[in-house]
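S.K.: Take a look at this one; I'll ask things after.
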Amino acid sequence: MVRNGLLIDYEYCTGCHSCEIACKQEHNYPAGKCGIRISEIITENPSGKHRIDNLPFITEHCDLCAARTKQGESPACVKHCQAWCMYYGRVAELANIMEDKPRAVLYSH
Ligand code: SF4
Ligand code: SF4
């Protein structure tokens with residue numbers, strides 16, 4: 001069976017939250033409910049410098065935009081990602097792309 005999913009290359013995620021807003025608008029979710037959340041992770045390296053990563057997490061409310069993708073459209077979050085760092089497609093193809101991306105997450109259900 002072919003499975004589709006989302007690949008997020010968070011190395012380029014700017015933390016703009018456009019994906020969250022697009023998801024909420026697409027599904028008309030109430031406050032506090034969303035298919036994706038961006039967490040800011042701050043780490044300190046041995047030299048004392050701080051690194052900030054914006055790490056996207058898919059939640060249990062993500063339906064991979066079934067209504068949109070059935071019509072051949074991209075998921076709302078992918079369409080509105082400001083950094084073009086989100087991809088939708090077959091899991092096997094996304095996994096291949098992921099091989100060259102050290103900071104990425106792959107989601108499917
Ligand atoms: S794929 Fe659709 S439901 Fe899932 S996070 Fe993106 S916008 Fe939300
Ligand atoms: S829209 Fe793209 S760049 Fe902006 S927070 Fe979401 S994943 Fe990151």
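Order determines the names: the first chain of the structure tokens is A, the second B, and so forth; residues in each chain are numbered 1 upward, and ligands are numbered 1 upward as they are shown.
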Could you list, with a cut-off of 12 Å and counting only C-alpha atoms, the residues of region 35-54 of chain A near region 84-106 of chain A, each shown with its nearest atom pair and the distance in Å rounded to one decimal, rows sorted by chain and ascending number, as a tab-separated table?
M.R.:
residue	atom	partner	partner_atom	distance
A:Ile36	CA	A:Met86	CA	11.9
A:Asp53	CA	A:Arg103	CA	9.7
A:Asn54	CA	A:Arg103	CA	10.7
S.K.: Output N, CA and C atoms of each residue in that selection to a file, as an mmCIF file, in the first residue's frame.
M.R.:
data_model
loop_
_atom_site.group_PDB
_atom_site.id
_atom_site.type_symbol
_atom_site.label_atom_id
_atom_site.label_comp_id
_atom_site.auth_asym_id
_atom_site.auth_seq_id
_atom_site.Cartn_x
_atom_site.Cartn_y
_atom_site.Cartn_z
ATOM 1 N N ILE A 36 -0.086 20.995 13.786
ATOM 2 C CA ILE A 36 1.384 21.132 13.852
ATOM 3 C C ILE A 36 1.739 22.190 14.888
ATOM 4 N N ASP A 53 17.039 26.028 17.538
ATOM 5 C CA ASP A 53 16.380 25.233 16.508
ATOM 6 C C ASP A 53 14.873 25.398 16.651
ATOM 7 N N ASN A 54 14.198 25.565 15.542
ATOM 8 C CA ASN A 54 12.731 25.574 15.534
ATOM 9 C C ASN A 54 12.291 24.204 15.055
#
S.K.: Could you produce a table of the residues of chain A lying within 12 Å of ligand 2, with the nearest pair of atoms per residue and their separation in Å rounded to one decimal, using only C-alpha atoms and all ligand atoms, ordered by chain and increasing residue number, as a tab-separated table?
M.R.:
residue	atom	partner	partner_atom_place_in_ligand_line	distance
A:Leu6	CA	ligand 2	7 (S)	10.8
A:Leu7	CA	ligand 2	7 (S)	9.8
A:Ile8	CA	ligand 2	7 (S)	6.6
A:Asp9	CA	ligand 2	7 (S)	7.8
A:Tyr10	CA	ligand 2	7 (S)	6.7
A:Glu11	CA	ligand 2	8 (Fe)	9.1
A:Tyr12	CA	ligand 2	3 (S)	6.6
A:Cys13	CA	ligand 2	8 (Fe)	3.7
A:Thr14	CA	ligand 2	3 (S)	4.5
A:Gly15	CA	ligand 2	5 (S)	3.8
A:Cys16	CA	ligand 2	4 (Fe)	4.0
A:His17	CA	ligand 2	5 (S)	3.9
A:Ser18	CA	ligand 2	1 (S)	4.2
A:Cys19	CA	ligand 2	1 (S)	4.0
A:Glu20	CA	ligand 2	6 (Fe)	6.6
A:Ile21	CA	ligand 2	1 (S)	8.6
A:Ala22	CA	ligand 2	1 (S)	8.5
A:Cys23	CA	ligand 2	6 (Fe)	10.1
A:Gly35	CA	ligand 2	6 (Fe)	11.4
A:Ile36	CA	ligand 2	6 (Fe)	8.3
A:Arg37	CA	ligand 2	6 (Fe)	8.2
A:Ile38	CA	ligand 2	5 (S)	6.1
A:Ser39	CA	ligand 2	5 (S)	9.1
A:Glu40	CA	ligand 2	5 (S)	10.1
A:Asp53	CA	ligand 2	8 (Fe)	10.0
A:Asn54	CA	ligand 2	8 (Fe)	6.8
A:Leu55	CA	ligand 2	8 (Fe)	7.7
A:Pro56	CA	ligand 2	7 (S)	6.2
A:Phe57	CA	ligand 2	7 (S)	9.4
A:Ile58	CA	ligand 2	7 (S)	10.5
A:Pro75	CA	ligand 2	1 (S)	11.7
A:Ala76	CA	ligand 2	1 (S)	9.8
A:Cys77	CA	ligand 2	1 (S)	6.5
A:Val78	CA	ligand 2	1 (S)	7.4
A:Lys79	CA	ligand 2	1 (S)	8.7
A:His80	CA	ligand 2	1 (S)	6.1
A:Cys81	CA	ligand 2	1 (S)	3.4
A:Gln82	CA	ligand 2	1 (S)	5.1
A:Ala83	CA	ligand 2	3 (S)	4.5
A:Trp84	CA	ligand 2	2 (Fe)	6.3
A:Cys85	CA	ligand 2	2 (Fe)	5.7
A:Met86	CA	ligand 2	7 (S)	6.2
A:Tyr87	CA	ligand 2	7 (S)	9.8
A:Ala104	CA	ligand 2	7 (S)	10.6
A:Val105	CA	ligand 2	7 (S)	10.7
S.K.: Generate a file of the selected residues that holds C-alpha atoms, formatted as a tab-separated table (two decimals), in the first residue's frame.
M.R.:
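Done, and the output landed in part-v7.tsv:
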chain	number	residue	atom	x	y	z
A	6	LEU	CA	5.20	15.00	5.37
A	7	LEU	CA	8.91	15.72	5.40
A	8	ILE	CA	10.07	18.82	7.26
A	9	ASP	CA	13.64	19.97	6.78
A	10	TYR	CA	13.87	21.91	10.01
A	11	GLU	CA	17.42	23.08	9.33
A	12	TYR	CA	15.72	25.84	7.33
A	13	CYS	CA	12.68	26.37	9.54
A	14	THR	CA	12.60	30.02	10.64
A	15	GLY	CA	9.89	29.54	13.27
A	16	CYS	CA	7.51	31.83	11.37
A	17	HIS	CA	4.45	29.75	12.45
A	18	SER	CA	2.79	30.15	9.04
A	19	CYS	CA	2.23	26.39	8.92
A	20	GLU	CA	0.31	26.51	12.22
A	21	ILE	CA	-1.86	29.39	11.06
A	22	ALA	CA	-2.54	27.74	7.69
A	23	CYS	CA	-3.50	24.48	9.41
A	35	GLY	CA	-2.14	19.77	13.42
A	36	ILE	CA	1.38	21.13	13.85
A	37	ARG	CA	3.32	22.94	16.55
A	38	ILE	CA	6.69	24.67	16.41
A	39	SER	CA	8.90	24.31	19.48
A	40	GLU	CA	11.94	26.46	20.02
A	53	ASP	CA	16.38	25.23	16.51
A	54	ASN	CA	12.73	25.57	15.53
A	55	LEU	CA	11.46	22.04	15.69
A	56	PRO	CA	8.08	21.28	14.06
A	57	PHE	CA	5.98	18.56	15.70
A	58	ILE	CA	2.97	17.03	13.98
A	75	PRO	CA	-1.45	20.33	2.37
A	76	ALA	CA	-2.12	23.84	3.70
A	77	CYS	CA	1.07	23.89	5.78
A	78	VAL	CA	3.24	22.89	2.81
A	79	LYS	CA	1.64	25.52	0.59
A	80	HIS	CA	2.21	28.31	3.10
A	81	CYS	CA	5.62	27.39	4.51
A	82	GLN	CA	7.66	30.58	4.21
A	83	ALA	CA	10.97	28.74	3.99
A	84	TRP	CA	9.90	26.06	1.48
A	85	CYS	CA	11.16	23.42	3.89
A	86	MET	CA	8.05	21.20	3.96
A	87	TYR	CA	7.32	18.44	1.46
A	104	ALA	CA	14.65	16.61	9.21
A	105	VAL	CA	11.53	14.86	10.48
S.K.: Taking the chain letters and numbering used in this document, name the residues of chain A that DSSP puts in helix (DSSP H, G or I), as a compact mmCIF listing (two decimals) with C-alpha atoms, in the first residue's frame.
M.R.:
# COMPACT_ATOMS: atom_id res chain seq x y z
CA TYR A 10 13.87 21.91 10.01
CA GLU A 11 17.42 23.08 9.33
CA TYR A 12 15.72 25.84 7.33
CA SER A 18 2.79 30.15 9.04
CA CYS A 19 2.23 26.39 8.92
CA GLU A 20 0.31 26.51 12.22
CA ILE A 21 -1.86 29.39 11.06
CA ALA A 22 -2.54 27.74 7.69
CA CYS A 23 -3.50 24.48 9.41
CA LYS A 24 -5.86 26.20 11.86
CA GLN A 25 -7.54 28.18 9.07
CA GLU A 26 -7.86 25.18 6.79
CA HIS A 27 -9.56 23.07 9.48
CA ALA A 66 -7.01 14.61 3.28
CA ALA A 67 -9.65 16.84 1.71
CA ARG A 68 -7.05 18.97 -0.07
CA THR A 69 -4.74 16.19 -1.21
CA LYS A 70 -7.70 14.20 -2.58
CA ALA A 76 -2.12 23.84 3.70
CA CYS A 77 1.07 23.89 5.78
CA VAL A 78 3.24 22.89 2.81
CA LYS A 79 1.64 25.52 0.59
CA HIS A 80 2.21 28.31 3.10
CA VAL A 91 6.91 8.13 2.27
CA ALA A 92 9.45 6.07 0.32
CA GLU A 93 10.38 9.07 -1.84
CA LEU A 94 10.50 11.41 1.14
CA ALA A 95 12.78 8.97 2.98
CA ASN A 96 15.19 9.10 0.03
CA ILE A 97 15.22 12.90 0.14
CA MET A 98 15.77 12.71 3.91
S.K.: Suppose you want the space between CA of Ser108 (chain A) and atom 4 (Fe, counted along the ligand's line) of ligand 1; what is it in Å?
M.R.: 9.7 Å
S.K.: Restricting the calculation to only C-alpha atoms and all ligand atoms: of A:Ala31, A:Gly5, A:Ile52, A:Asn45, which residue gets closest to ligand 1?
M.R.: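 Of the candidates, the smallest distance to ligand 1 is held by A:Gly5.
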S.K.: Can you work out which one of A:Glu73, A:Glu44, A:Met1, A:Lys33 has the shortest atom-to-atom distance to Thr59 (chain A), counting only C-alpha atoms?
M.R.: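 Residue with the minimum atom-to-atom distance to Thr59 (chain A): A:Lys33.
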